[in-house]
Structure formats: structure tokens, C-alpha cells
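> Contents of upload-v8.pdb (PDB, C-alpha atoms) are given next:
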```
ATOM      1  CA  MET A 288       8.602 -23.046  22.096
ATOM      2  CA  THR A 289       6.645 -20.029  20.936
ATOM      3  CA  THR A 290       9.651 -18.964  18.873
ATOM      4  CA  VAL A 291       9.612 -22.192  16.865
ATOM      5  CA  LEU A 292       5.848 -21.908  16.575
ATOM      6  CA  PHE A 293       6.184 -18.421  15.111
ATOM      7  CA  TYR A 294       8.468 -19.608  12.330
ATOM      8  CA  ILE A 295       6.252 -22.613  11.571
ATOM      9  CA  LEU A 296       3.211 -20.342  11.353
ATOM     10  CA  GLY A 297       5.070 -17.920   9.134
ATOM     11  CA  PHE A 298       6.029 -20.772   6.821
ATOM     12  CA  ILE A 299       2.410 -21.983   6.696
ATOM     13  CA  MET A 300       1.217 -18.448   5.965
ATOM     14  CA  LEU A 301       3.653 -17.918   3.112
ATOM     15  CA  THR A 302       2.999 -21.373   1.621
ATOM     16  CA  ALA A 303      -0.764 -20.912   1.741
ATOM     17  CA  THR A 304      -0.460 -17.472   0.156
ATOM     18  CA  LEU A 305       1.826 -18.792  -2.568
ATOM     19  CA  LEU A 306      -0.661 -21.569  -3.327
ATOM     20  CA  CYS A 307      -3.443 -18.966  -3.304
ATOM     21  CA  ILE A 308      -1.881 -16.712  -5.907
ATOM     22  CA  THR A 309      -1.089 -19.596  -8.264
ATOM     23  CA  ARG A 310      -4.499 -21.321  -8.237
ATOM     24  CA  ARG A 311      -6.534 -20.951 -11.393
ATOM     25  CA  ASN A 312      -9.873 -21.593  -9.756
ATOM     26  CA  PRO A 313     -10.796 -18.514  -7.636
ATOM     27  CA  VAL A 314     -12.686 -20.649  -5.084
ATOM     28  CA  HIS A 315      -9.538 -22.667  -4.330
ATOM     29  CA  ALA A 316      -7.554 -19.442  -4.095
ATOM     30  CA  VAL A 317      -9.928 -17.986  -1.514
ATOM     31  CA  ILE A 318      -9.878 -21.164   0.576
ATOM     32  CA  TYR A 319      -6.073 -21.188   0.615
ATOM     33  CA  LEU A 320      -6.109 -17.530   1.583
ATOM     34  CA  VAL A 321      -8.410 -18.320   4.523
ATOM     35  CA  ALA A 322      -5.867 -20.915   5.688
ATOM     36  CA  GLY A 323      -3.130 -18.291   5.393
ATOM     37  CA  PHE A 324      -5.189 -15.794   7.378
ATOM     38  CA  PHE A 325      -5.682 -18.319  10.160
ATOM     39  CA  ALA A 326      -1.901 -18.733  10.415
ATOM     40  CA  LEU A 327      -1.530 -14.946  10.387
ATOM     41  CA  ALA A 328      -4.104 -14.641  13.185
ATOM     42  CA  LEU A 329      -2.084 -17.076  15.303
ATOM     43  CA  MET A 330       1.045 -15.011  14.589
ATOM     44  CA  PHE A 331      -0.835 -11.944  15.849
ATOM     45  CA  TYR A 332      -1.693 -13.891  19.000
ATOM     46  CA  LEU A 333       1.946 -14.820  19.540
ATOM     47  CA  LEU A 334       2.885 -11.165  19.090
ATOM     48  CA  GLY A 335       0.622 -10.277  22.008
ATOM     49  CA  ALA A 336      -2.488  -9.138  20.170
ATOM     50  CA  PRO A 337      -5.335 -11.510  21.112
ATOM     51  CA  LEU A 338      -8.052  -9.030  20.142
ATOM     52  CA  VAL A 339      -6.560  -8.402  16.713
ATOM     53  CA  ALA A 340      -6.139 -12.170  16.254
ATOM     54  CA  ALA A 341      -9.805 -12.761  17.033
ATOM     55  CA  TRP A 342     -10.877  -9.991  14.674
ATOM     56  CA  GLN A 343      -8.602 -11.277  11.978
ATOM     57  CA  ILE A 344     -10.559 -14.534  12.042
ATOM     58  CA  ILE A 345     -13.983 -12.945  12.522
ATOM     59  CA  VAL A 346     -13.664 -10.071  10.051
ATOM     60  CA  TYR A 347     -11.169 -11.305   7.460
ATOM     61  CA  ALA A 348     -11.616 -15.067   7.347
ATOM     62  CA  GLY A 349     -15.242 -14.938   8.446
ATOM     63  CA  ALA A 350     -16.750 -11.943   6.674
ATOM     64  CA  ILE A 351     -14.545 -10.595   3.902
ATOM     65  CA  MET A 352     -13.447 -13.927   2.448
ATOM     66  CA  VAL A 353     -16.999 -15.286   2.616
ATOM     67  CA  LEU A 354     -18.093 -12.177   0.715
ATOM     68  CA  PHE A 355     -15.492 -12.981  -1.933
ATOM     69  CA  LEU A 356     -16.729 -16.595  -2.101
ATOM     70  CA  PHE A 357     -20.301 -15.369  -2.349
ATOM     71  CA  ILE A 358     -19.522 -13.087  -5.288
ATOM     72  CA  ILE A 359     -17.456 -15.758  -7.058
ATOM     73  CA  MET A 360     -20.256 -18.284  -6.687
ATOM     74  CA  MET A 361     -22.977 -15.786  -7.576
ATOM     75  CA  LEU A 362     -21.247 -14.893 -10.835
ATOM     76  CA  GLY A 363     -20.457 -18.549 -11.530
ATOM     77  CA  LEU A 364     -16.747 -17.990 -11.969
ATOM     78  CA  ALA A 365     -15.705 -21.289 -10.425
ATOM     79  CA  PRO A 366     -16.212 -23.824 -13.229
ATOM     80  CA  GLN A 367     -14.889 -21.716 -16.099
ATOM     81  CA  GLU A 368     -11.389 -21.015 -14.967
ATOM     82  CA  THR A 369      -9.219 -18.299 -16.452
ATOM     83  CA  PRO A 370      -8.760 -19.105 -20.143
ATOM     84  CA  GLU A 371      -5.074 -19.834 -20.443
ATOM     85  CA  GLY A 372      -2.572 -19.960 -17.614
ATOM     86  CA  PRO A 373       0.190 -17.412 -17.635
ATOM     87  CA  GLY A 374       3.124 -18.852 -19.529
ATOM     88  CA  TRP A 375       6.816 -18.580 -18.729
ATOM     89  CA  ARG A 376       7.214 -15.529 -20.912
ATOM     90  CA  ARG A 377       4.562 -13.771 -18.902
ATOM     91  CA  TRP A 378       5.465 -14.675 -15.345
ATOM     92  CA  GLY A 379       9.207 -15.240 -15.668
ATOM     93  CA  PRO A 380      10.182 -11.547 -15.632
ATOM     94  CA  LEU A 381       7.552 -10.847 -13.016
ATOM     95  CA  VAL A 382       8.891 -13.477 -10.622
ATOM     96  CA  LEU A 383      12.400 -12.118 -11.194
ATOM     97  CA  LEU A 384      11.161  -8.600 -10.419
ATOM     98  CA  SER A 385       9.375  -9.704  -7.248
ATOM     99  CA  ALA A 386      12.335 -11.805  -6.079
ATOM    100  CA  SER A 387      14.794  -8.946  -6.529
ATOM    101  CA  LEU A 388      12.410  -6.575  -4.758
ATOM    102  CA  MET A 389      12.115  -9.087  -1.918
ATOM    103  CA  VAL A 390      15.904  -9.497  -1.620
ATOM    104  CA  CYS A 391      16.435  -5.727  -1.575
ATOM    105  CA  THR A 392      13.750  -5.255   1.099
ATOM    106  CA  VAL A 393      15.142  -7.985   3.347
ATOM    107  CA  LEU A 394      18.699  -6.656   2.958
ATOM    108  CA  LEU A 395      17.492  -3.176   3.909
ATOM    109  CA  ILE A 396      15.588  -4.544   6.908
ATOM    110  CA  MET A 397      18.576  -6.569   8.109
ATOM    111  CA  GLN A 398      20.879  -3.567   7.754
ATOM    112  CA  ASP A 399      18.917  -1.613  10.335
ATOM    113  CA  PRO A 400      20.311  -1.846  13.892
ATOM    114  CA  ALA A 401      16.824  -2.449  15.296
ATOM    115  CA  ALA A 402      16.421  -5.596  13.190
ATOM    116  CA  GLY A 403      18.656  -7.690  15.434
ATOM    117  CA  LYS A 404      16.916  -6.738  18.658
ATOM    118  CA  GLU A 405      14.435  -9.235  19.948
ATOM    119  CA  ILE A 406      10.750  -8.629  20.445
ATOM    120  CA  GLY A 407      10.207  -8.985  24.159
ATOM    121  CA  ASP A 408       7.311 -10.675  25.872
ATOM    122  CA  PHE A 409       4.222  -8.618  25.276
ATOM    123  CA  TYR A 410       0.567  -9.226  25.913
ATOM    124  CA  LEU A 411      -2.073  -6.566  25.487
ATOM    125  CA  ALA A 412      -5.451  -7.317  27.036
ATOM    126  CA  PRO A 413      -8.481  -6.408  24.913
ATOM    127  CA  GLN A 414      -9.489  -3.860  27.542
ATOM    128  CA  ALA A 415      -6.384  -1.748  26.909
ATOM    129  CA  VAL A 416      -7.034  -1.759  23.149
ATOM    130  CA  GLY A 417     -10.636  -0.746  23.705
ATOM    131  CA  GLU A 418      -9.647   2.085  26.025
ATOM    132  CA  ALA A 419      -7.175   3.434  23.469
ATOM    133  CA  LEU A 420      -9.641   2.978  20.613
ATOM    134  CA  PHE A 421     -12.481   4.839  22.290
ATOM    135  CA  GLY A 422     -10.274   7.274  24.183
ATOM    136  CA  ARG A 423      -7.430   8.767  22.195
ATOM    137  CA  TYR A 424      -8.594   7.472  18.804
ATOM    138  CA  VAL A 425     -12.317   8.098  19.075
ATOM    139  CA  LEU A 426     -12.203  10.635  16.219
ATOM    140  CA  ALA A 427     -10.660   8.017  13.924
ATOM    141  CA  VAL A 428     -13.393   5.565  14.898
ATOM    142  CA  GLU A 429     -16.027   8.122  13.963
ATOM    143  CA  MET A 430     -14.352   8.775  10.611
ATOM    144  CA  VAL A 431     -14.154   5.058   9.849
ATOM    145  CA  SER A 432     -17.838   4.693  10.687
ATOM    146  CA  PHE A 433     -18.605   7.487   8.207
ATOM    147  CA  GLN A 434     -16.485   5.715   5.652
ATOM    148  CA  LEU A 435     -18.435   2.497   6.152
ATOM    149  CA  LEU A 436     -21.653   4.461   5.597
ATOM    150  CA  PHE A 437     -20.296   5.960   2.357
ATOM    151  CA  ALA A 438     -19.169   2.519   1.222
ATOM    152  CA  THR A 439     -22.678   1.187   1.824
ATOM    153  CA  ILE A 440     -24.151   4.004  -0.287
ATOM    154  CA  GLY A 441     -21.525   3.447  -2.994
ATOM    155  CA  ALA A 442     -22.189  -0.280  -3.107
ATOM    156  CA  TYR A 443     -25.915   0.418  -3.362
ATOM    157  CA  LEU A 444     -25.433   2.874  -6.239
ATOM    158  CA  LEU A 445     -23.185   0.445  -8.113
ATOM    159  CA  GLY A 446     -25.652  -2.369  -7.569
ATOM    160  CA  ARG A 447     -28.598  -0.586  -9.228
ATOM    161  CA  PRO A 448     -30.100  -2.180 -12.335
ATOM    162  CA  LEU A 449     -28.264  -1.020 -15.461
ATOM    163  CA  SER A 450     -29.915   1.773 -17.392
ATOM    164  CA  ARG A 451     -30.543   1.300 -21.110
ATOM    165  CA  GLY A 452     -27.459   1.436 -23.294
ATOM    166  CA  GLU A 453     -25.161   0.585 -20.392
ATOM    167  CA  GLY A 454     -25.244  -3.182 -20.813
ATOM    168  CA  GLN A 455     -22.856  -5.069 -23.071
TER     169      GLN A 455
ATOM    170  CA  MET B 123       8.897 -14.720  22.338
ATOM    171  CA  MET B 124      12.496 -14.427  21.338
ATOM    172  CA  ILE B 125      12.404 -13.593  17.680
ATOM    173  CA  PRO B 126      14.344 -10.659  16.220
ATOM    174  CA  PHE B 127      12.293  -7.733  15.015
ATOM    175  CA  GLY B 128      13.864  -8.055  11.572
ATOM    176  CA  HIS B 129      12.496 -11.570  11.080
ATOM    177  CA  ALA B 130       8.915 -10.453  11.719
ATOM    178  CA  LEU B 131       9.434  -7.592   9.264
ATOM    179  CA  SER B 132      10.903 -10.022   6.717
ATOM    180  CA  PHE B 133       7.830 -12.234   6.953
ATOM    181  CA  ALA B 134       5.695  -9.152   6.317
ATOM    182  CA  ALA B 135       7.876  -8.151   3.369
ATOM    183  CA  ALA B 136       7.553 -11.632   1.857
ATOM    184  CA  LEU B 137       3.786 -11.497   2.271
ATOM    185  CA  PHE B 138       3.653  -8.049   0.677
ATOM    186  CA  VAL B 139       5.753  -9.154  -2.301
ATOM    187  CA  LEU B 140       3.485 -12.182  -2.786
ATOM    188  CA  GLY B 141       0.467  -9.884  -2.866
ATOM    189  CA  LEU B 142       2.196  -7.567  -5.319
ATOM    190  CA  THR B 143       3.047 -10.538  -7.537
ATOM    191  CA  CYS B 144      -0.596 -11.594  -7.463
ATOM    192  CA  VAL B 145      -1.742  -8.112  -8.530
ATOM    193  CA  LEU B 146       0.780  -7.968 -11.366
ATOM    194  CA  LEU B 147       0.403 -11.565 -12.519
ATOM    195  CA  ARG B 148      -3.281 -12.291 -12.506
ATOM    196  CA  ARG B 149      -5.692 -10.959 -15.079
ATOM    197  CA  GLN B 150      -8.942 -11.638 -13.306
ATOM    198  CA  VAL B 151     -10.347  -8.720 -11.310
ATOM    199  CA  ILE B 152     -11.231 -10.967  -8.340
ATOM    200  CA  MET B 153      -7.657 -12.228  -8.082
ATOM    201  CA  ILE B 154      -6.311  -8.670  -8.265
ATOM    202  CA  LEU B 155      -8.538  -7.794  -5.304
ATOM    203  CA  ILE B 156      -7.237 -10.839  -3.420
ATOM    204  CA  GLY B 157      -3.705  -9.564  -4.052
ATOM    205  CA  VAL B 158      -4.669  -6.212  -2.508
ATOM    206  CA  GLU B 159      -6.028  -8.067   0.528
ATOM    207  CA  ILE B 160      -2.731  -9.927   0.924
ATOM    208  CA  MET B 161      -0.797  -6.649   0.826
ATOM    209  CA  LEU B 162      -3.091  -5.105   3.451
ATOM    210  CA  ASN B 163      -2.467  -8.090   5.700
ATOM    211  CA  ALA B 164       1.271  -7.633   5.324
ATOM    212  CA  ALA B 165       0.763  -4.064   6.555
ATOM    213  CA  SER B 166      -1.206  -5.434   9.533
ATOM    214  CA  LEU B 167       1.665  -7.773  10.396
ATOM    215  CA  VAL B 168       4.108  -4.837  10.390
ATOM    216  CA  PHE B 169       1.807  -2.837  12.669
ATOM    217  CA  VAL B 170       1.325  -5.690  15.149
ATOM    218  CA  SER B 171       5.012  -6.595  15.338
ATOM    219  CA  ALA B 172       5.967  -2.934  15.761
ATOM    220  CA  SER B 173       3.368  -2.702  18.505
ATOM    221  CA  ALA B 174       5.009  -5.655  20.266
ATOM    222  CA  TYR B 175       8.518  -4.308  19.694
ATOM    223  CA  TRP B 176       7.846  -0.891  21.215
ATOM    224  CA  GLN B 177       5.331  -2.314  23.740
ATOM    225  CA  GLN B 178       2.710   0.219  22.706
ATOM    226  CA  VAL B 179      -0.999  -0.097  22.051
ATOM    227  CA  ASP B 180      -1.147   2.177  18.981
ATOM    228  CA  GLY B 181      -0.126  -0.415  16.386
ATOM    229  CA  GLN B 182      -2.977  -2.729  17.318
ATOM    230  CA  VAL B 183      -5.466   0.155  17.244
ATOM    231  CA  PHE B 184      -4.338   0.964  13.721
ATOM    232  CA  VAL B 185      -4.793  -2.651  12.639
ATOM    233  CA  ILE B 186      -8.373  -2.593  13.885
ATOM    234  CA  LEU B 187      -9.032   0.641  11.974
ATOM    235  CA  LEU B 188      -7.348  -0.916   8.942
ATOM    236  CA  MET B 189      -9.730  -3.879   9.106
ATOM    237  CA  ALA B 190     -12.756  -1.557   9.121
ATOM    238  CA  ILE B 191     -11.356   0.388   6.167
ATOM    239  CA  THR B 192     -10.686  -2.887   4.326
ATOM    240  CA  ALA B 193     -14.264  -3.978   4.896
ATOM    241  CA  ALA B 194     -15.484  -0.726   3.303
ATOM    242  CA  GLU B 195     -13.050  -1.109   0.413
ATOM    243  CA  VAL B 196     -14.096  -4.701  -0.250
ATOM    244  CA  ALA B 197     -17.790  -3.765  -0.221
ATOM    245  CA  VAL B 198     -17.285  -1.111  -2.910
ATOM    246  CA  ALA B 199     -14.817  -3.208  -4.927
ATOM    247  CA  LEU B 200     -17.070  -6.264  -5.044
ATOM    248  CA  ALA B 201     -20.053  -4.120  -6.013
ATOM    249  CA  MET B 202     -17.873  -2.835  -8.837
ATOM    250  CA  VAL B 203     -16.987  -6.415  -9.804
ATOM    251  CA  VAL B 204     -20.689  -7.266 -10.083
ATOM    252  CA  TYR B 205     -21.230  -4.097 -12.142
ATOM    253  CA  LEU B 206     -18.363  -4.987 -14.514
ATOM    254  CA  TRP B 207     -19.711  -8.522 -14.874
ATOM    255  CA  ARG B 208     -23.150  -7.230 -15.809
ATOM    256  CA  ARG B 209     -21.674  -4.877 -18.390
ATOM    257  CA  LYS B 210     -19.362  -7.215 -20.255
ATOM    258  CA  ARG B 211     -19.955 -10.762 -18.923
ATOM    259  CA  THR B 212     -16.262 -11.129 -18.228
ATOM    260  CA  LEU B 213     -13.871 -10.263 -15.418
ATOM    261  CA  VAL B 214     -10.602 -10.296 -17.340
ATOM    262  CA  ALA B 215      -9.057  -6.901 -16.676
ATOM    263  CA  ASP B 216      -7.696  -6.526 -20.227
ATOM    264  CA  GLU B 217     -11.231  -6.472 -21.611
ATOM    265  CA  PHE B 218     -12.062  -3.192 -19.937
ATOM    266  CA  ASN B 219     -10.237  -0.900 -22.323
ATOM    267  CA  GLY B 220     -12.882   1.544 -23.479
ATOM    268  CA  MET B 221     -13.789   4.800 -21.809
ATOM    269  CA  SER B 222     -17.328   5.211 -23.104
ATOM    270  CA  GLY B 223     -20.008   2.572 -23.577
TER     271      GLY B 223
END
```
Please go through the file and, once you have read it, give me the structure as C-alpha cells.

Amino acid sequence: MTTVLFYILGFIMLTATLLCITRRNPVHAVIYLVAGFFALALMFYLLGAPLVAAWQIIVYAGAIMVLFLFIIMMLGLAPQETPEGPGWRRWGPLVLLSASLMVCTVLLIMQDPAAGKEIGDFYLAPQAVGEALFGRYVLAVEMVSFQLLFATIGAYLLGRPLSRGEGQ
Amino acid sequence: MMIPFGHALSFAAALFVLGLTCVLLRRQVIMILIGVEIMLNAASLVFVSASAYWQQVDGQVFVILLMAITAAEVAVALAMVVYLWRRKRTLVADEFNGMSG
């Protein structure tokens, strides 16, 4: 049952992402991406990562994508879509490139002996993740917290009013 | 769960290639950032499935750290988007082709 569910969710995720990258209106793209992230969160749950699944929804779908929507709506990008859609001459070679890259990657993955082995039943309680995160990896947590602080300062500096001569 | 490890990796590869296509195809800065997000999520899927395959906690820890790093990256990138918009009133990446003023 869960096996079938995994493939269905993977299909939903890929379809939503494909729709996302082809939309011309950025708001529609972000909404499709949120749908794809929900499917991805459920895949994480099936792979035995309930905490990561919850954070995928809370942080990615809830915070980051809403931030994207906020910026798109604040700048008023939604009504005026991108001027002209990419024509065949523009995205034909690109799709060919991506498809050949995809085929090569999948062939390489399938060639590996580990690829045929099945992922066993696995469930990791949030407590175990927390113990690893604040035990063995506590230094990494501290570094990431510093990075968040630097990002806040960087965002503040970039968001200052423009000085004279900087605008258009 | 009885899926081969290779199938989970193939899903991640497909997601990564879709993100790469988005970065290469789209001209709007916002859509390029969305493509980067898609690629980061493909990396998360690899980490989580590897964590389940080897029955270890480390992969999931790295995904959580990756999410925090992504949040920092998105904060700076979107601030930069607002800055670019205020400078040129456009977000088409081809327009930003000058190094001074």
C-alpha cells in the first residue's frame, strides 16, 4: 500500500513541479510549487522522517513560499506577466539538454548495485533527530544560527533606501 | 516500504533536472530563485532516502540544517530582488548587464 502511495506522490510532485516551471504568472507558479512540496513532505513521511515532513510543510510551504508570494505581490509582478513566452527555438535545445542529462543520471543510478536493493521499514522518532541535532551536530547548529544572523543583517543592508545616483 | 533505493534517487534526479531547467529557461529573477528551491528540495529527497536506506539519523539532521540554510539564502535573495526592482523597475535577468550605475 505505502509502496503504491510513494509512486503516486512522486508523480504528483513531478507534475506539480513541471506545471510550476512552465507557468507565466509567478503567483500560479508558487502555488503549484506549494502543492509539490506537500507531496514531497508526504514522501518524507513515508521514508520514515515525520519531523522533516512536518518542517517541510512549516518552513518551506508555510514560510519560504509565503515570503515569495509576499514579494511577488508587493512588487506587483502578478498582473504583468513575463513579456513573451519562450519560443521553441529557445526552449527546444534546453529541454533536449535536460532530458539527456536526466537519462544519463538515471542510467548511472540504475547501474549501481545498491540501486536494486529495497529501502527497508524505517521510522525515526523526532526525539532521536533532536538528540543527534543537539548532541553530535551542535556545532553545526551554532554555525547555522550565525548564518541566519548574517542573513538578517545582509537583508537589512540591501533593504536600505537607495542613495542618490543609485536609482534607475 | 518496499521501493528500491534507485527509484527514490531517480525521483530526486528528475526533480533536480526540473529545477535546473527552470533556472536555465526562465528569465525572471523570481523564477530562477524558485528553480534553486526545487534543486535544494531534490537534495533533501536524496538525504532522506539515504537516511532510510542506511537506517541512520544523519541524513535527516542534514535536511534540517539545509532548511535553515535555505531560509537564510531566501532572505538575502529576496532582499536582493527588491533592491534590483527598485534600481531598474524590472526583474528580467537580461536587463542587469552593466557593472556600474
> Residues picked by the PyMOL selection byres ((chain A and resi 325) around 10) here, as a PyMOL selection string?
chain A and resi 296+299-300+319-324+326-331+340-341+343-344+347-348
> Using all atoms of range 396-411 of chain A listed in the file and a margin of 5 Å per side, can you give the axis-aligned box centre and edge lengths in Å to one decimal, as AutoDock Vina command-line options?

```
--center_x 9.4 --center_y -6.1 --center_z 16.4 --size_x 33.0 --size_y 19.1 --size_z 29.0
```
> Can you list, as JSON, numbers by chain, every protein, DNA or RNA residue that comes within 10 Å of range 307-310 of chain A when you count all atoms listed in the file, leaving out same-chain residues fewer than 6 positions away?
{"A": [301, 316, 317, 318, 319, 320, 321, 322, 323, 368, 369, 372, 373], "B": [140, 141, 143, 144, 145, 147, 148, 153, 154, 156, 157, 160]}
> Provide as an MDAnalysis selection string the residues of chain B at most 8 Å from chain A, counting all atoms listed in the file.
chainID B and resid 123:129 131:133 135:137 139:144 146:147 150 152:153 156:157 160 167 170:171 174:175 177 179:180 182:183 185:187 189:191 193:198 200:202 204:205 207:211 223
> Leaving out Thr192 in chain B and any residue of its chain fewer than 4 positions from it, which residues lie within 8 Å of it when counting only C-alpha atoms, given as a list in words?
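Returned residues: Glu159, Leu162, Leu188 and Val196 of chain B.
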> Please, what distance in Å, to one decimal, runs between CA of Ala199 in chain B and CA of Phe184 in chain B?
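It comes out at 21.8 Å.
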> So how far away is CA of Thr212 in chain B from CA of Met360 in chain A, in Å?
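Straight-line distance from CA of Met360 in chain A to CA of Thr212 in chain B works out to 14.2 Å.
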> Just the number, please: distance in Å from CA of Ala215 in chain B to CA of Gly363 in chain A, one decimal.
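Those two atoms sit 17.1 Å apart.
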